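Peer 1: Input my_file_28.cif, format and content: mmCIF, C-alpha atoms, pLDDT in the B column; chains and numbers go by the auth columns.
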data_model
#
loop_
_atom_site.group_PDB
_atom_site.id
_atom_site.type_symbol
_atom_site.label_atom_id
_atom_site.label_comp_id
_atom_site.label_asym_id
_atom_site.label_seq_id
_atom_site.Cartn_x
_atom_site.Cartn_y
_atom_site.Cartn_z
_atom_site.B_iso_or_equiv
_atom_site.auth_seq_id
_atom_site.auth_asym_id
ATOM 1 C CA MET A 1 54.264 48.950 -4.934 63.00 1 A
ATOM 2 C CA ALA A 2 51.755 51.153 -3.170 63.00 2 A
ATOM 3 C CA SER A 3 48.031 51.210 -3.634 65.00 3 A
ATOM 4 C CA PHE A 4 45.391 53.500 -2.271 63.00 4 A
ATOM 5 C CA ALA A 5 41.720 54.202 -2.695 59.00 5 A
ATOM 6 C CA LEU A 6 40.021 57.511 -3.291 58.00 6 A
ATOM 7 C CA GLY A 7 36.505 57.998 -2.070 57.00 7 A
ATOM 8 C CA ALA A 8 34.060 60.162 -0.239 56.00 8 A
ATOM 9 C CA GLY A 9 34.005 57.837 2.749 56.00 9 A
ATOM 10 C CA GLU A 10 31.742 55.186 4.166 59.00 10 A
ATOM 11 C CA GLY A 11 28.057 55.633 3.725 57.00 11 A
ATOM 12 C CA SER A 12 28.310 58.387 1.083 61.00 12 A
ATOM 13 C CA PRO A 13 25.783 58.075 -1.742 68.00 13 A
ATOM 14 C CA LYS A 14 27.390 57.013 -5.003 76.00 14 A
ATOM 15 C CA ALA A 15 27.064 59.471 -7.840 80.00 15 A
ATOM 16 C CA LEU A 16 25.249 58.243 -10.895 85.00 16 A
ATOM 17 C CA PRO A 17 27.360 58.226 -14.052 84.00 17 A
ATOM 18 C CA LYS A 18 26.829 61.161 -16.368 82.00 18 A
ATOM 19 C CA LYS A 19 25.674 60.481 -19.890 82.00 19 A
ATOM 20 C CA ILE A 20 28.439 60.603 -22.486 78.00 20 A
ATOM 21 C CA GLN A 21 27.466 62.819 -25.374 82.00 21 A
ATOM 22 C CA LYS A 22 29.044 64.067 -28.547 80.00 22 A
ATOM 23 C CA LEU A 23 29.965 67.747 -28.445 78.00 23 A
ATOM 24 C CA GLU A 24 28.400 70.125 -30.925 81.00 24 A
ATOM 25 C CA GLU A 25 30.622 70.933 -33.890 77.00 25 A
ATOM 26 C CA ALA A 26 30.892 74.605 -32.895 75.00 26 A
ATOM 27 C CA VAL A 27 32.211 73.621 -29.443 76.00 27 A
ATOM 28 C CA VAL A 28 34.723 71.169 -30.959 76.00 28 A
ATOM 29 C CA ASN A 29 35.951 73.804 -33.412 73.00 29 A
ATOM 30 C CA ARG A 30 36.435 76.441 -30.704 75.00 30 A
ATOM 31 C CA ILE A 31 38.388 73.982 -28.573 72.00 31 A
ATOM 32 C CA ALA A 32 40.543 73.039 -31.576 69.00 32 A
ATOM 33 C CA ALA A 33 41.039 76.711 -32.414 70.00 33 A
ATOM 34 C CA GLY A 34 42.394 77.308 -28.917 67.00 34 A
ATOM 35 C CA GLU A 35 45.044 74.653 -29.522 69.00 35 A
ATOM 36 C CA VAL A 36 46.252 76.331 -32.741 69.00 36 A
ATOM 37 C CA ILE A 37 45.667 79.998 -31.835 82.00 37 A
ATOM 38 C CA GLN A 38 46.549 80.667 -28.207 85.00 38 A
ATOM 39 C CA ARG A 39 47.242 84.395 -28.509 91.00 39 A
ATOM 40 C CA PRO A 40 47.455 87.127 -31.183 93.00 40 A
ATOM 41 C CA ALA A 41 51.141 86.344 -31.849 93.00 41 A
ATOM 42 C CA ASN A 42 50.202 82.761 -32.849 90.00 42 A
ATOM 43 C CA ALA A 43 47.601 84.048 -35.298 92.00 43 A
ATOM 44 C CA LEU A 44 50.110 86.479 -36.796 94.00 44 A
ATOM 45 C CA LYS A 45 52.783 83.774 -37.171 91.00 45 A
ATOM 46 C CA GLU A 46 50.321 81.536 -39.036 88.00 46 A
ATOM 47 C CA MET A 47 49.277 84.373 -41.361 92.00 47 A
ATOM 48 C CA ILE A 48 52.890 85.381 -42.073 92.00 48 A
ATOM 49 C CA GLU A 49 53.688 81.772 -42.970 88.00 49 A
ATOM 50 C CA ASN A 50 50.729 81.758 -45.387 89.00 50 A
ATOM 51 C CA SER A 51 52.031 84.985 -46.968 92.00 51 A
ATOM 52 C CA LEU A 52 55.535 83.564 -47.379 90.00 52 A
ATOM 53 C CA ASP A 53 54.130 80.357 -48.855 87.00 53 A
ATOM 54 C CA ALA A 54 52.221 82.535 -51.365 90.00 54 A
ATOM 55 C CA GLY A 55 55.534 84.047 -52.529 92.00 55 A
ATOM 56 C CA ALA A 56 55.111 87.429 -50.844 95.00 56 A
ATOM 57 C CA THR A 57 58.126 89.740 -50.873 96.00 57 A
ATOM 58 C CA SER A 58 56.361 92.479 -48.918 97.00 58 A
ATOM 59 C CA ILE A 59 54.243 91.963 -45.797 97.00 59 A
ATOM 60 C CA GLN A 60 52.638 94.790 -43.815 97.00 60 A
ATOM 61 C CA VAL A 61 51.157 94.197 -40.365 96.00 61 A
ATOM 62 C CA THR A 62 48.683 96.429 -38.523 97.00 62 A
ATOM 63 C CA VAL A 63 47.877 95.834 -34.850 96.00 63 A
ATOM 64 C CA LYS A 64 45.403 97.460 -32.441 96.00 64 A
ATOM 65 C CA GLN A 65 45.152 96.698 -28.711 95.00 65 A
ATOM 66 C CA GLY A 66 47.814 94.013 -28.828 94.00 66 A
ATOM 67 C CA GLY A 67 46.101 92.242 -31.725 94.00 67 A
ATOM 68 C CA LEU A 68 42.900 91.642 -29.782 94.00 68 A
ATOM 69 C CA LYS A 69 40.915 94.422 -31.475 96.00 69 A
ATOM 70 C CA LEU A 70 42.628 94.196 -34.878 97.00 70 A
ATOM 71 C CA LEU A 71 45.317 92.053 -36.426 96.00 71 A
ATOM 72 C CA GLN A 72 45.743 92.729 -40.131 97.00 72 A
ATOM 73 C CA ILE A 73 48.264 91.416 -42.618 97.00 73 A
ATOM 74 C CA GLN A 74 48.683 92.620 -46.202 97.00 74 A
ATOM 75 C CA ASP A 75 50.979 90.876 -48.669 97.00 75 A
ATOM 76 C CA ASN A 76 51.915 90.989 -52.347 97.00 76 A
ATOM 77 C CA GLY A 77 51.820 87.216 -52.831 96.00 77 A
ATOM 78 C CA SER A 78 49.960 85.196 -55.420 95.00 78 A
ATOM 79 C CA GLY A 79 46.528 85.854 -53.918 96.00 79 A
ATOM 80 C CA ILE A 80 43.614 83.458 -53.566 95.00 80 A
ATOM 81 C CA LYS A 81 41.407 82.463 -56.499 95.00 81 A
ATOM 82 C CA LYS A 82 37.812 83.672 -56.251 96.00 82 A
ATOM 83 C CA GLU A 83 36.481 80.118 -56.439 95.00 83 A
ATOM 84 C CA ASP A 84 38.679 79.097 -53.485 93.00 84 A
ATOM 85 C CA LEU A 85 37.274 81.810 -51.203 95.00 85 A
ATOM 86 C CA ALA A 86 34.235 79.648 -50.439 92.00 86 A
ATOM 87 C CA ILE A 87 36.394 77.058 -48.625 91.00 87 A
ATOM 88 C CA VAL A 88 39.561 78.940 -47.622 91.00 88 A
ATOM 89 C CA CYS A 89 38.517 79.098 -43.944 89.00 89 A
ATOM 90 C CA GLU A 90 37.354 75.487 -43.673 85.00 90 A
ATOM 91 C CA ARG A 91 39.496 73.008 -41.720 77.00 91 A
ATOM 92 C CA PHE A 92 41.973 70.925 -43.683 71.00 92 A
ATOM 93 C CA THR A 93 41.716 72.926 -46.888 68.00 93 A
ATOM 94 C CA THR A 94 45.144 73.619 -48.366 67.00 94 A
ATOM 95 C CA SER A 95 46.899 74.280 -51.649 63.00 95 A
ATOM 96 C CA LYS A 96 50.107 72.700 -50.393 60.00 96 A
ATOM 97 C CA LEU A 97 49.396 68.975 -50.637 55.00 97 A
ATOM 98 C CA ARG A 98 46.974 66.588 -52.273 57.00 98 A
ATOM 99 C CA ASN A 99 47.707 63.226 -50.619 61.00 99 A
ATOM 100 C CA PHE A 100 49.606 61.791 -47.649 59.00 100 A
ATOM 101 C CA GLU A 101 52.724 61.016 -49.692 60.00 101 A
ATOM 102 C CA ASP A 102 53.127 64.737 -50.484 54.00 102 A
ATOM 103 C CA LEU A 103 54.260 65.201 -46.875 55.00 103 A
ATOM 104 C CA THR A 104 57.649 63.706 -47.756 62.00 104 A
ATOM 105 C CA ASN A 105 58.346 66.571 -50.178 67.00 105 A
ATOM 106 C CA ILE A 106 56.703 69.464 -48.364 60.00 106 A
ATOM 107 C CA SER A 107 58.701 72.678 -48.646 59.00 107 A
ATOM 108 C CA THR A 108 56.284 75.185 -47.165 55.00 108 A
ATOM 109 C CA TYR A 109 55.887 76.660 -43.695 56.00 109 A
ATOM 110 C CA GLY A 110 52.333 75.465 -43.213 57.00 110 A
ATOM 111 C CA PHE A 111 50.398 72.708 -44.875 50.00 111 A
ATOM 112 C CA ARG A 112 47.533 71.441 -42.673 52.00 112 A
ATOM 113 C CA GLY A 113 44.968 74.059 -43.572 58.00 113 A
ATOM 114 C CA GLU A 114 43.987 74.781 -39.973 74.00 114 A
ATOM 115 C CA ALA A 115 45.186 78.329 -39.322 84.00 115 A
ATOM 116 C CA LEU A 116 42.471 80.374 -41.043 90.00 116 A
ATOM 117 C CA ALA A 117 39.787 77.929 -39.938 88.00 117 A
ATOM 118 C CA SER A 118 40.921 78.232 -36.329 88.00 118 A
ATOM 119 C CA ILE A 119 41.085 82.012 -36.487 92.00 119 A
ATOM 120 C CA SER A 120 37.593 82.197 -38.019 93.00 120 A
ATOM 121 C CA HIS A 121 36.169 80.292 -35.033 90.00 121 A
ATOM 122 C CA VAL A 122 37.459 82.833 -32.508 91.00 122 A
ATOM 123 C CA ALA A 123 37.367 86.130 -34.446 94.00 123 A
ATOM 124 C CA HIS A 124 35.662 88.018 -37.254 96.00 124 A
ATOM 125 C CA VAL A 125 37.726 87.464 -40.418 96.00 125 A
ATOM 126 C CA THR A 126 37.631 89.449 -43.662 97.00 126 A
ATOM 127 C CA ILE A 127 39.799 88.519 -46.643 97.00 127 A
ATOM 128 C CA THR A 128 40.462 90.780 -49.617 98.00 128 A
ATOM 129 C CA THR A 129 42.515 89.174 -52.360 97.00 129 A
ATOM 130 C CA ARG A 130 43.526 89.512 -55.988 97.00 130 A
ATOM 131 C CA THR A 131 45.432 87.166 -58.266 97.00 131 A
ATOM 132 C CA ALA A 132 47.637 88.344 -61.152 96.00 132 A
ATOM 133 C CA ASP A 133 45.093 87.181 -63.752 96.00 133 A
ATOM 134 C CA SER A 134 42.057 88.791 -62.091 96.00 134 A
ATOM 135 C CA LYS A 135 40.610 92.117 -63.260 95.00 135 A
ATOM 136 C CA CYS A 136 39.592 92.995 -59.688 97.00 136 A
ATOM 137 C CA ALA A 137 40.015 91.919 -56.104 98.00 137 A
ATOM 138 C CA TYR A 138 37.390 90.014 -54.129 98.00 138 A
ATOM 139 C CA LYS A 139 36.341 90.536 -50.532 97.00 139 A
ATOM 140 C CA ALA A 140 34.725 87.964 -48.243 97.00 140 A
ATOM 141 C CA SER A 141 33.908 87.660 -44.537 97.00 141 A
ATOM 142 C CA TYR A 142 33.936 84.530 -42.389 96.00 142 A
ATOM 143 C CA SER A 143 32.581 83.228 -39.114 93.00 143 A
ATOM 144 C CA ASP A 144 33.021 79.652 -37.882 91.00 144 A
ATOM 145 C CA SER A 145 34.752 78.662 -41.161 89.00 145 A
ATOM 146 C CA LYS A 146 31.814 79.752 -43.300 92.00 146 A
ATOM 147 C CA LEU A 147 31.222 82.688 -45.602 94.00 147 A
ATOM 148 C CA VAL A 148 28.970 85.300 -44.014 95.00 148 A
ATOM 149 C CA PRO A 149 27.488 88.462 -45.531 92.00 149 A
ATOM 150 C CA LEU A 150 29.771 91.502 -45.611 87.00 150 A
ATOM 151 C CA ARG A 151 26.800 93.508 -44.348 87.00 151 A
ATOM 152 C CA PRO A 152 23.341 92.545 -43.044 87.00 152 A
ATOM 153 C CA GLY A 153 20.890 91.491 -45.744 89.00 153 A
ATOM 154 C CA ALA A 154 23.588 90.801 -48.345 89.00 154 A
ATOM 155 C CA ALA A 155 24.380 87.393 -49.805 90.00 155 A
ATOM 156 C CA PRO A 156 27.286 85.531 -48.172 92.00 156 A
ATOM 157 C CA GLU A 157 29.512 85.422 -51.221 94.00 157 A
ATOM 158 C CA PRO A 158 32.757 87.128 -52.284 96.00 158 A
ATOM 159 C CA LYS A 159 32.160 90.616 -53.668 96.00 159 A
ATOM 160 C CA PRO A 160 34.298 92.315 -56.332 97.00 160 A
ATOM 161 C CA CYS A 161 36.241 95.334 -55.113 97.00 161 A
ATOM 162 C CA ALA A 162 39.375 97.377 -55.779 96.00 162 A
ATOM 163 C CA GLY A 163 42.648 95.916 -54.556 95.00 163 A
ATOM 164 C CA ASN A 164 46.264 95.170 -55.368 95.00 164 A
ATOM 165 C CA GLN A 165 47.652 91.740 -56.152 96.00 165 A
ATOM 166 C CA GLY A 166 48.088 89.707 -52.992 97.00 166 A
ATOM 167 C CA THR A 167 45.989 89.135 -49.911 97.00 167 A
ATOM 168 C CA GLN A 168 44.831 91.202 -46.962 98.00 168 A
ATOM 169 C CA ILE A 169 43.496 89.306 -43.961 97.00 169 A
ATOM 170 C CA MET A 170 41.755 91.358 -41.292 97.00 170 A
ATOM 171 C CA VAL A 171 41.138 89.622 -37.949 97.00 171 A
ATOM 172 C CA GLU A 172 38.879 91.597 -35.609 97.00 172 A
ATOM 173 C CA ASP A 173 37.863 90.999 -31.997 95.00 173 A
ATOM 174 C CA LEU A 174 40.100 87.968 -31.424 93.00 174 A
ATOM 175 C CA PHE A 175 38.606 85.609 -28.801 90.00 175 A
ATOM 176 C CA TYR A 176 35.372 87.641 -28.631 90.00 176 A
ATOM 177 C CA ASN A 177 33.479 84.373 -28.081 87.00 177 A
ATOM 178 C CA VAL A 178 35.986 82.601 -25.792 83.00 178 A
ATOM 179 C CA ALA A 179 35.938 84.609 -22.575 80.00 179 A
ATOM 180 C CA THR A 180 38.263 82.237 -20.707 78.00 180 A
ATOM 181 C CA ARG A 181 40.964 82.583 -23.361 80.00 181 A
ATOM 182 C CA ARG A 182 40.625 86.358 -23.432 80.00 182 A
ATOM 183 C CA LYS A 183 40.911 86.570 -19.635 79.00 183 A
ATOM 184 C CA ALA A 184 44.031 84.373 -19.674 80.00 184 A
ATOM 185 C CA LEU A 185 45.850 86.783 -21.989 84.00 185 A
ATOM 186 C CA ARG A 186 48.118 89.474 -20.679 75.00 186 A
ATOM 187 C CA SER A 187 47.627 93.194 -21.197 86.00 187 A
ATOM 188 C CA PRO A 188 47.423 94.548 -24.768 86.00 188 A
ATOM 189 C CA ALA A 189 50.927 96.010 -24.296 88.00 189 A
ATOM 190 C CA GLU A 190 52.366 92.604 -23.376 88.00 190 A
ATOM 191 C CA GLU A 191 50.527 90.913 -26.261 89.00 191 A
ATOM 192 C CA TYR A 192 51.956 93.584 -28.591 87.00 192 A
ATOM 193 C CA GLY A 193 55.425 92.749 -27.262 89.00 193 A
ATOM 194 C CA LYS A 194 54.898 89.097 -28.170 88.00 194 A
ATOM 195 C CA ILE A 195 53.756 90.167 -31.649 91.00 195 A
ATOM 196 C CA THR A 196 56.959 92.141 -32.194 90.00 196 A
ATOM 197 C CA ASP A 197 58.922 88.989 -31.315 88.00 197 A
ATOM 198 C CA VAL A 198 57.342 87.188 -34.276 81.00 198 A
#
Render the structure in this file as structure tokens.

Peer 2:
Amino acid sequence: MASFALGAGEGSPKALPKKIQKLEEAVVNRIAAGEVIQRPANALKEMIENSLDAGATSIQVTVKQGGLKLLQIQDNGSGIKKEDLAIVCERFTTSKLRNFEDLTNISTYGFRGEALASISHVAHVTITTRTADSKCAYKASYSDSKLVPLRPGAAPEPKPCAGNQGTQIMVEDLFYNVATRRKALRSPAEEYGKITDV
């Protein structure tokens, strides 16, 4: 067995311990988002899984600048109820399970309720959705898991609009607030290549 000591040497002043502090929630959420969403292809995979879990038979994807400027998915699935739009981008909100025991019978691609929350912490997210029993679609925007106004001065609540049954999720400016993540990504062309692999 070997042992060794690390140190600055004899006579060096000892550093005082730094205070341990709890990170702000926004910092924690951005760190967690980076674990779930590492690049545009990860975000797309999560959104496709949500579409498939919603019963979609048609999924259209639009990409600009390798998914960094725009990553949009449109499906013809069951849609999201208007009353669920208030919490759809919050962490651990899901329609796929109710209690821990449900995990033994899970038959969906995703179930944790982290994907949209994570994306909303590192991008501008807009959701337009319509269910089969709704007379219109509803549109809502999100930042840091919370509803935000669609335009300055407006109330941060879902607004009625035209739309087909299903859900459209528009993710803009991915990693706009996480410069280190954005710098670590490859060129838009290479990110687009990874998207086509999904």

Peer 1: Suppose you want the space between CA of Cys161 in chain A and CA of Ser58 in chain A; what is it in Å?

Peer 2: 21.2 Å

Peer 1: Which residue is closest to Ala117 in chain A? Choose from A:Ala154, A:Leu174, A:Cys136, A:Cys89 and count only C-alpha atoms.

Peer 2: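 Distance minimum relative to Ala117 in chain A lands on A:Cys89.
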
Peer 1: Rounded to one decimal, what separation in Å do you get between CA of Lys81 in chain A and CA of Val63 in chain A?

Peer 2: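 These atoms are spaced 26.3 Å apart.
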
Peer 1: Could you state the separation of CA of Ala179 in chain A and CA of Gln74 in chain A in Å, given to one decimal place?

Peer 2: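 So the answer is 28.0 Å.
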
Peer 1: Determine, counting all atoms listed in the file, every residue of protein, DNA or RNA that lies within 7 Å of (46.6, 95.7, -47.5) in the file coordinates, then give the result as a PDB file with C-alpha atoms, keeping the file's coordinate frame.

Peer 2:
ATOM      1  CA  ILE A  73      48.264  91.416 -42.618  1.00 97.00           C
ATOM      2  CA  GLN A  74      48.683  92.620 -46.202  1.00 97.00           C
ATOM      3  CA  ASP A  75      50.979  90.876 -48.669  1.00 97.00           C
ATOM      4  CA  GLN A 168      44.831  91.202 -46.962  1.00 98.00           C
TER       5      GLN A 168
END

Peer 1: With all atoms listed in the file as the counted atoms, please give the residues lying no more than 12 Å from Pro149 in chain A, apart from itself and same-chain residues fewer than 6 positions off, as a PDB file with C-alpha atoms, in the frame of the given file.

Peer 2:
ATOM      1  CA  HIS A 124      35.662  88.018 -37.254  1.00 96.00           C
ATOM      2  CA  VAL A 125      37.726  87.464 -40.418  1.00 96.00           C
ATOM      3  CA  THR A 126      37.631  89.449 -43.662  1.00 97.00           C
ATOM      4  CA  LYS A 139      36.341  90.536 -50.532  1.00 97.00           C
ATOM      5  CA  ALA A 140      34.725  87.964 -48.243  1.00 97.00           C
ATOM      6  CA  SER A 141      33.908  87.660 -44.537  1.00 97.00           C
ATOM      7  CA  TYR A 142      33.936  84.530 -42.389  1.00 96.00           C
ATOM      8  CA  SER A 143      32.581  83.228 -39.114  1.00 93.00           C
ATOM      9  CA  ALA A 155      24.380  87.393 -49.805  1.00 90.00           C
ATOM     10  CA  PRO A 156      27.286  85.531 -48.172  1.00 92.00           C
ATOM     11  CA  GLU A 157      29.512  85.422 -51.221  1.00 94.00           C
ATOM     12  CA  PRO A 158      32.757  87.128 -52.284  1.00 96.00           C
ATOM     13  CA  LYS A 159      32.160  90.616 -53.668  1.00 96.00           C
TER      14      LYS A 159
END

Peer 1: Specify as a ChimeraX atom specification each residue included when the PyMOL selection byres ((chain A and resi 72) around 7) is applied to this file.

Peer 2: /A:61-63,70-71,73-74,169-171

Peer 1: Would you kindly return, as a PDB file with C-alpha atoms, in the frame of the given file, each protein, DNA or RNA residue with an atom no farther than 6 Å from any atom of range 127-131 of chain A, considering all atoms listed in the file and excluding same-chain residues fewer than 2 positions away?

Peer 2:
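Done, and the output landed in part_29.pdb:
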ATOM      1  CA  SER A  78      49.960  85.196 -55.420  1.00 95.00           C
ATOM      2  CA  GLY A  79      46.528  85.854 -53.918  1.00 96.00           C
ATOM      3  CA  ILE A  80      43.614  83.458 -53.566  1.00 95.00           C
ATOM      4  CA  ASP A 133      45.093  87.181 -63.752  1.00 96.00           C
ATOM      5  CA  SER A 134      42.057  88.791 -62.091  1.00 96.00           C
ATOM      6  CA  ALA A 137      40.015  91.919 -56.104  1.00 98.00           C
ATOM      7  CA  TYR A 138      37.390  90.014 -54.129  1.00 98.00           C
ATOM      8  CA  LYS A 139      36.341  90.536 -50.532  1.00 97.00           C
ATOM      9  CA  ALA A 140      34.725  87.964 -48.243  1.00 97.00           C
ATOM     10  CA  GLN A 165      47.652  91.740 -56.152  1.00 96.00           C
ATOM     11  CA  GLY A 166      48.088  89.707 -52.992  1.00 97.00           C
ATOM     12  CA  THR A 167      45.989  89.135 -49.911  1.00 97.00           C
ATOM     13  CA  GLN A 168      44.831  91.202 -46.962  1.00 98.00           C
ATOM     14  CA  ILE A 169      43.496  89.306 -43.961  1.00 97.00           C
TER      15      ILE A 169
END

Peer 1: Looking at A:Gly66, A:Ser118, A:Glu25, A:Leu147, which one is nearest to Asp84 in chain A, with distances taken over all atoms listed in the file?

Peer 2: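 Distance minimum relative to Asp84 in chain A lands on A:Leu147.
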
Peer 1: Name the residues captured by the PyMOL selection byres ((chain A and resi 38) around 12) when it is applied to the shown file; answer as an mmCIF file with C-alpha atoms, in the frame of the given file.

Peer 2:
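What ended up in expr_7.cif:
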data_model
loop_
_atom_site.group_PDB
_atom_site.id
_atom_site.type_symbol
_atom_site.label_atom_id
_atom_site.label_comp_id
_atom_site.auth_asym_id
_atom_site.auth_seq_id
_atom_site.Cartn_x
_atom_site.Cartn_y
_atom_site.Cartn_z
ATOM 1 C CA ARG A 30 36.435 76.441 -30.704
ATOM 2 C CA ILE A 31 38.388 73.982 -28.573
ATOM 3 C CA ALA A 32 40.543 73.039 -31.576
ATOM 4 C CA ALA A 33 41.039 76.711 -32.414
ATOM 5 C CA GLY A 34 42.394 77.308 -28.917
ATOM 6 C CA GLU A 35 45.044 74.653 -29.522
ATOM 7 C CA VAL A 36 46.252 76.331 -32.741
ATOM 8 C CA ILE A 37 45.667 79.998 -31.835
ATOM 9 C CA ARG A 39 47.242 84.395 -28.509
ATOM 10 C CA PRO A 40 47.455 87.127 -31.183
ATOM 11 C CA ALA A 41 51.141 86.344 -31.849
ATOM 12 C CA ASN A 42 50.202 82.761 -32.849
ATOM 13 C CA ALA A 43 47.601 84.048 -35.298
ATOM 14 C CA LEU A 44 50.110 86.479 -36.796
ATOM 15 C CA LYS A 45 52.783 83.774 -37.171
ATOM 16 C CA GLU A 46 50.321 81.536 -39.036
ATOM 17 C CA LEU A 68 42.900 91.642 -29.782
ATOM 18 C CA ALA A 115 45.186 78.329 -39.322
ATOM 19 C CA SER A 118 40.921 78.232 -36.329
ATOM 20 C CA ILE A 119 41.085 82.012 -36.487
ATOM 21 C CA VAL A 122 37.459 82.833 -32.508
ATOM 22 C CA LEU A 174 40.100 87.968 -31.424
ATOM 23 C CA PHE A 175 38.606 85.609 -28.801
ATOM 24 C CA VAL A 178 35.986 82.601 -25.792
ATOM 25 C CA THR A 180 38.263 82.237 -20.707
ATOM 26 C CA ARG A 181 40.964 82.583 -23.361
ATOM 27 C CA ARG A 182 40.625 86.358 -23.432
ATOM 28 C CA LYS A 183 40.911 86.570 -19.635
ATOM 29 C CA ALA A 184 44.031 84.373 -19.674
ATOM 30 C CA LEU A 185 45.850 86.783 -21.989
ATOM 31 C CA ARG A 186 48.118 89.474 -20.679
ATOM 32 C CA GLU A 191 50.527 90.913 -26.261
ATOM 33 C CA LYS A 194 54.898 89.097 -28.170
#

Peer 1: When you count all atoms listed in the file, which of these residues is closest to Leu116 in chain A: A:Val198, A:Ile87, A:Ala132, A:Leu16?

Peer 2: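 Closest residue, counting all atoms listed in the file: A:Ile87.
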
Peer 1: Here is a test: counting all atoms listed in the file, which residue of A:Ala56, A:Ala189, A:Ile20, A:Val28 is nearest to Asp144 in chain A?

Peer 2: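 Looking at the shortest contact to Asp144 in chain A, the residue is A:Val28.
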
Peer 1: For a quick check of understanding, using only C-alpha atoms, which of A:Gly67, A:Gly163, A:Gly153, A:Gly77 has the smallest distance to Thr196 in chain A?

Peer 2: A:Gly67
